[in-house]
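Visitor: I am sharing target-v2.cif, which consists of mmCIF, C-alpha atoms:
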data_structure
loop_
_atom_site.group_PDB
_atom_site.id
_atom_site.type_symbol
_atom_site.label_atom_id
_atom_site.label_comp_id
_atom_site.auth_asym_id
_atom_site.auth_seq_id
_atom_site.Cartn_x
_atom_site.Cartn_y
_atom_site.Cartn_z
ATOM 1 C CA ARG N 1 94.139 57.352 99.251
ATOM 2 C CA GLU N 2 94.992 58.835 95.871
ATOM 3 C CA THR N 3 92.325 61.015 94.266
ATOM 4 C CA GLU N 4 91.659 62.020 90.676
ATOM 5 C CA ARG N 5 91.194 65.623 89.599
ATOM 6 C CA SER N 6 87.662 66.083 88.277
ATOM 7 C CA SER N 7 87.342 69.872 88.148
ATOM 8 C CA ILE N 8 89.205 73.145 88.459
ATOM 9 C CA GLY N 9 87.398 76.230 89.647
ATOM 10 C CA HIS N 10 87.553 79.526 91.448
ATOM 11 C CA SER N 11 84.938 81.659 93.172
ATOM 12 C CA ARG N 12 84.843 85.003 94.928
ATOM 13 C CA VAL N 13 82.445 86.803 97.246
ATOM 14 C CA LEU N 14 82.056 90.343 95.946
ATOM 15 C CA PRO N 15 82.551 93.266 98.330
ATOM 16 C CA PRO N 16 79.345 95.315 98.789
ATOM 17 C CA ASN N 17 80.549 98.167 96.555
ATOM 18 C CA THR N 18 81.197 95.796 93.600
ATOM 19 C CA ARG N 19 77.920 93.855 93.549
ATOM 20 C CA ASN N 20 76.944 95.010 90.098
ATOM 21 C CA ALA N 21 77.048 93.425 86.645
ATOM 22 C CA GLU N 22 80.183 95.218 85.416
ATOM 23 C CA ASP N 23 82.313 94.328 88.444
ATOM 24 C CA ALA N 24 80.917 90.797 88.567
ATOM 25 C CA TRP N 25 81.903 90.252 84.920
ATOM 26 C CA SER N 26 85.362 91.660 85.555
ATOM 27 C CA ASN N 27 85.838 89.234 88.453
ATOM 28 C CA LEU N 28 84.587 86.320 86.355
ATOM 29 C CA VAL N 29 87.161 87.084 83.643
ATOM 30 C CA ALA N 30 89.921 87.071 86.261
ATOM 31 C CA LEU N 31 88.665 83.841 87.862
ATOM 32 C CA LEU N 32 88.327 82.020 84.535
ATOM 33 C CA SER N 33 91.769 83.196 83.426
ATOM 34 C CA LYS N 34 93.277 81.762 86.623
ATOM 35 C CA ALA N 35 91.354 78.502 86.243
ATOM 36 C CA ALA N 36 92.489 78.144 82.612
ATOM 37 C CA MET N 37 96.111 78.737 83.610
ATOM 38 C CA ARG N 38 95.802 76.032 86.279
ATOM 39 C CA LEU N 39 94.148 73.740 83.715
ATOM 40 C CA ARG N 40 97.165 74.029 81.409
ATOM 41 C CA GLY N 41 99.638 73.866 84.298
ATOM 42 C CA GLU N 42 98.143 70.630 85.597
ATOM 43 C CA GLY N 43 98.061 69.101 82.102
ATOM 44 C CA PHE N 44 94.326 68.926 81.364
ATOM 45 C CA TYR N 45 91.802 69.972 78.750
ATOM 46 C CA ALA N 46 88.221 70.887 79.748
ATOM 47 C CA ARG N 47 84.998 69.946 77.985
ATOM 48 C CA SER N 48 82.627 71.835 80.265
ATOM 49 C CA LEU N 49 82.357 75.251 81.902
ATOM 50 C CA GLN N 50 79.876 76.098 84.633
ATOM 51 C CA LEU N 51 78.975 79.616 85.739
ATOM 52 C CA ASN N 52 77.772 79.840 89.342
ATOM 53 C CA LEU N 53 76.140 82.925 90.828
ATOM 54 C CA GLN N 54 74.702 83.619 94.272
ATOM 55 C CA PHE N 55 72.373 86.519 94.960
ATOM 56 C CA LEU N 56 71.437 88.349 98.110
ATOM 57 C CA ARG N 57 67.643 88.657 98.185
ATOM 58 C CA LYS N 58 65.987 90.886 100.754
ATOM 59 C CA GLY N 59 63.773 88.852 103.043
ATOM 60 C CA THR N 60 64.483 85.519 101.337
ATOM 61 C CA GLY N 61 68.221 85.154 101.951
ATOM 62 C CA ILE N 62 70.561 83.792 99.310
ATOM 63 C CA SER N 63 69.453 82.338 95.988
ATOM 64 C CA HIS N 64 71.536 80.476 93.406
ATOM 65 C CA TRP N 65 71.796 80.374 89.615
ATOM 66 C CA ASP N 66 74.071 78.177 87.554
ATOM 67 C CA LYS N 67 74.371 77.115 83.956
ATOM 68 C CA ARG N 68 76.772 74.848 82.095
ATOM 69 C CA ALA N 69 78.261 74.995 78.590
ATOM 70 C CA ARG N 70 79.711 71.945 76.862
ATOM 71 C CA PHE N 71 82.236 72.099 74.036
ATOM 72 C CA PHE N 72 85.097 70.214 72.409
ATOM 73 C CA GLU N 73 88.006 69.812 74.817
ATOM 74 C CA THR N 74 90.155 72.922 75.083
ATOM 75 C CA GLN N 75 92.794 74.767 77.095
ATOM 76 C CA ASP N 76 92.267 78.052 75.231
ATOM 77 C CA THR N 77 91.369 80.925 77.562
ATOM 78 C CA THR N 78 89.907 82.951 74.683
ATOM 79 C CA LEU N 79 87.492 80.167 73.725
ATOM 80 C CA LEU N 80 86.574 79.658 77.395
ATOM 81 C CA LEU N 81 85.889 83.394 77.774
ATOM 82 C CA HIS N 82 83.619 83.231 74.715
ATOM 83 C CA GLU N 83 81.651 80.389 76.320
ATOM 84 C CA LEU N 84 81.508 82.305 79.616
ATOM 85 C CA GLY N 85 80.144 85.337 77.753
ATOM 86 C CA ALA N 86 77.307 83.242 76.316
ATOM 87 C CA LEU N 87 76.419 81.953 79.790
ATOM 88 C CA TRP N 88 76.675 85.449 81.277
ATOM 89 C CA ALA N 89 74.237 86.787 78.655
ATOM 90 C CA GLU N 90 71.542 84.489 80.127
ATOM 91 C CA ALA N 91 72.301 85.196 83.786
ATOM 92 C CA PRO N 92 70.334 87.478 86.108
ATOM 93 C CA LYS N 93 72.534 90.401 87.105
ATOM 94 C CA GLU N 94 71.022 92.109 90.162
ATOM 95 C CA ASN N 95 72.276 91.852 93.761
ATOM 96 C CA ILE N 96 75.119 89.473 92.880
ATOM 97 C CA LEU N 97 76.825 88.292 96.070
ATOM 98 C CA LYS N 98 79.238 85.647 94.790
ATOM 99 C CA VAL N 99 80.595 84.578 91.385
ATOM 100 C CA GLY N 100 82.308 81.350 90.418
ATOM 101 C CA VAL N 101 83.485 79.292 87.470
ATOM 102 C CA VAL N 102 84.206 75.569 87.262
ATOM 103 C CA LEU N 103 86.013 73.761 84.447
ATOM 104 C CA SER N 104 85.084 70.075 84.385
ATOM 105 C CA SER N 105 84.878 66.960 82.229
ATOM 106 C CA LEU N 106 88.667 67.091 82.307
ATOM 107 C CA VAL N 107 90.777 65.173 79.810
ATOM 108 C CA PRO N 108 94.485 64.505 80.536
ATOM 109 C CA GLU N 109 96.867 65.874 77.894
ATOM 110 C CA ASP N 110 97.961 62.348 76.902
ATOM 111 C CA LYS N 111 94.341 61.458 76.043
ATOM 112 C CA HIS N 112 93.570 64.706 74.165
ATOM 113 C CA GLN N 113 92.107 64.275 70.674
ATOM 114 C CA LEU N 114 93.157 66.857 68.124
ATOM 115 C CA SER N 115 90.509 68.952 66.440
ATOM 116 C CA LEU N 116 90.495 70.340 62.911
ATOM 117 C CA MET N 117 89.685 73.718 64.465
ATOM 118 C CA GLU N 118 92.635 73.659 66.880
ATOM 119 C CA ASP N 119 95.273 76.314 66.292
ATOM 120 C CA SER N 120 98.822 75.502 67.405
ATOM 121 C CA LYS N 121 99.649 79.231 67.385
ATOM 122 C CA ARG N 122 96.986 79.775 70.077
ATOM 123 C CA ASP N 123 98.512 76.954 72.142
ATOM 124 C CA ARG N 124 101.898 78.655 71.970
ATOM 125 C CA LEU N 125 100.312 82.006 72.858
ATOM 126 C CA MET N 126 98.644 80.511 75.948
ATOM 127 C CA ALA N 127 101.958 78.920 76.985
ATOM 128 C CA ALA N 128 103.747 82.254 76.544
ATOM 129 C CA LEU N 129 101.133 84.102 78.640
ATOM 130 C CA ASP N 130 101.381 81.464 81.364
ATOM 131 C CA SER N 131 105.158 81.749 81.350
ATOM 132 C CA LEU N 132 104.985 85.536 81.778
ATOM 133 C CA ASN N 133 102.389 85.320 84.550
ATOM 134 C CA LYS N 134 104.269 82.601 86.445
ATOM 135 C CA GLY N 135 107.571 84.417 86.116
ATOM 136 C CA GLN N 136 108.691 87.392 88.131
ATOM 137 C CA GLN N 137 105.317 89.104 88.483
ATOM 138 C CA LYS N 138 101.855 87.574 88.901
ATOM 139 C CA ASN N 139 99.148 88.936 86.577
ATOM 140 C CA LEU N 140 101.720 90.644 84.362
ATOM 141 C CA VAL N 141 99.439 89.951 81.377
ATOM 142 C CA VAL N 142 95.673 89.877 81.960
ATOM 143 C CA TYR N 143 92.585 90.093 79.758
ATOM 144 C CA GLY N 144 91.235 93.636 79.395
ATOM 145 C CA ALA N 145 87.996 93.052 81.296
ATOM 146 C CA SER N 146 89.784 91.388 84.221
ATOM 147 C CA SER N 147 89.384 92.714 87.753
ATOM 148 C CA GLU N 148 93.086 91.960 88.196
ATOM 149 C CA LEU N 149 93.998 95.123 86.266
ATOM 150 C CA GLY N 150 95.549 97.603 88.647
ATOM 151 C CA GLN N 151 95.257 95.251 91.615
ATOM 152 C CA PRO N 152 98.081 94.186 93.930
ATOM 153 C CA THR N 153 99.819 91.103 92.595
ATOM 154 C CA GLN N 154 99.898 89.135 95.844
ATOM 155 C CA ALA N 155 98.153 85.768 95.569
ATOM 156 C CA LYS N 156 95.444 85.156 98.147
ATOM 157 C CA ILE N 157 95.322 81.845 99.970
ATOM 158 C CA ALA N 158 91.875 80.291 99.798
ATOM 159 C CA PHE N 159 90.438 78.685 102.923
ATOM 160 C CA GLY N 160 91.399 75.007 102.982
ATOM 161 C CA TYR N 161 93.756 75.206 100.003
ATOM 162 C CA ILE N 162 97.369 76.290 99.871
ATOM 163 C CA PRO N 163 98.484 76.812 96.272
ATOM 164 C CA GLU N 164 101.748 75.333 95.112
ATOM 165 C CA LYS N 165 104.585 77.800 94.717
ATOM 166 C CA ASP N 166 105.005 78.699 91.048
ATOM 167 C CA ALA N 167 108.652 78.439 90.049
#
Would you encode the structure as structure tokens?
Guide:
Amino acid sequence: RETERSSIGHSRVLPPNTRNAEDAWSNLVALLSKAAMRLRGEGFYARSLQLNLQFLRKGTGISHWDKRARFFETQDTTLLLHELGALWAEAPKENILKVGVVLSSLVPEDKHQLSLMEDSKRDRLMAALDSLNKGQQKNLVVYGASSELGQPTQAKIAFGYIPEKDA
């Protein structure tokens, strides 16, 4: 049975030595950048971003926190990072175990409505960045706060999902 894409997201369990606010933010930037690249690659715009956090609490186990931002449909990583920053400002930041982002309320490119605030130069910039990152080396260009800086460029395979080979 054919399914419809309703969201694009990534999450990561943080190693014990990186369970702090600075490393969590760095990982969130990397995860959102990857999700935004997939969003453009699959031909969608997003109208919603959700930040998901899990915390390790002594004696009580794992607790959850999530918050959603809604905005005019976009594919722009910079705008998405701005929205993520606003959500992050409200989030608790102690004992973070797992971080995740989800882009949802997806709109196919052929149904996208133009905005007066949309900048075609930004669209071309995002396409150029995607082209560089899908080319010969993964993560060739990353955002400054990204945990992908200085990391090996081998893509990890998530449990239950085998990513398509980027050509």
Visitor: Check which residues satisfy the PyMOL selection byres ((chain N and resi 49-59) around 9) in the file shown, then give them as JSON, numbers by chain.
Guide: {"N": [11, 13, 28, 46, 47, 48, 60, 61, 62, 63, 64, 65, 66, 67, 68, 69, 70, 71, 80, 83, 84, 87, 88, 91, 92, 93, 94, 95, 96, 97, 98, 99, 100, 101, 102, 103, 104, 105]}
Visitor: Could you check how far CA of Leu31 (chain N) sits from CA of His10 (chain N), in Å to one decimal?
Guide: 5.7 Å
Visitor: State, in Å with one decimal place, the distance from CA of Leu79 (chain N) to CA of Ser33 (chain N).
Guide: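 Separation of CA of Leu79 (chain N) and CA of Ser33 (chain N): 11.0 Å.
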Visitor: Just to confirm, what's the straight-line distance from CA of Tyr45 (chain N) to CA of Thr74 (chain N) in Å (one decimal)?
Guide: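 Going from CA of Tyr45 (chain N) over to CA of Thr74 (chain N) covers 5.0 Å.
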Visitor: Determine the residue membership of the PyMOL selection byres ((chain N and resi 25) around 9) for the file above and supply it as an MDAnalysis selection string.
Guide: chainID N and resid 20:24 26:30 85 88 99 145:147
Visitor: For the structure provided, state which residues fall under the PyMOL selection byres ((chain N and resi 109-111) around 8), and present them as an MDAnalysis selection string.
Guide: chainID N and resid 43:45 107:108 112:113
Visitor: Padding 5 Å on every side, please: axis-aligned box over the listed atoms of region 65-79 of chain N, centre and edge lengths to one decimal in Å, as lines of an AutoDock Vina configuration file.
Guide:
center_x = 82.3
center_y = 76.4
center_z = 81.0
size_x = 31.0
size_y = 23.1
size_z = 27.2
Visitor: Identify which of the residues N:Leu106, N:Ala89, N:Leu14, N:Leu39 lies closest to Gln75 (chain N), counting only C-alpha atoms when measuring atom-to-atom distances.
Guide: N:Leu39
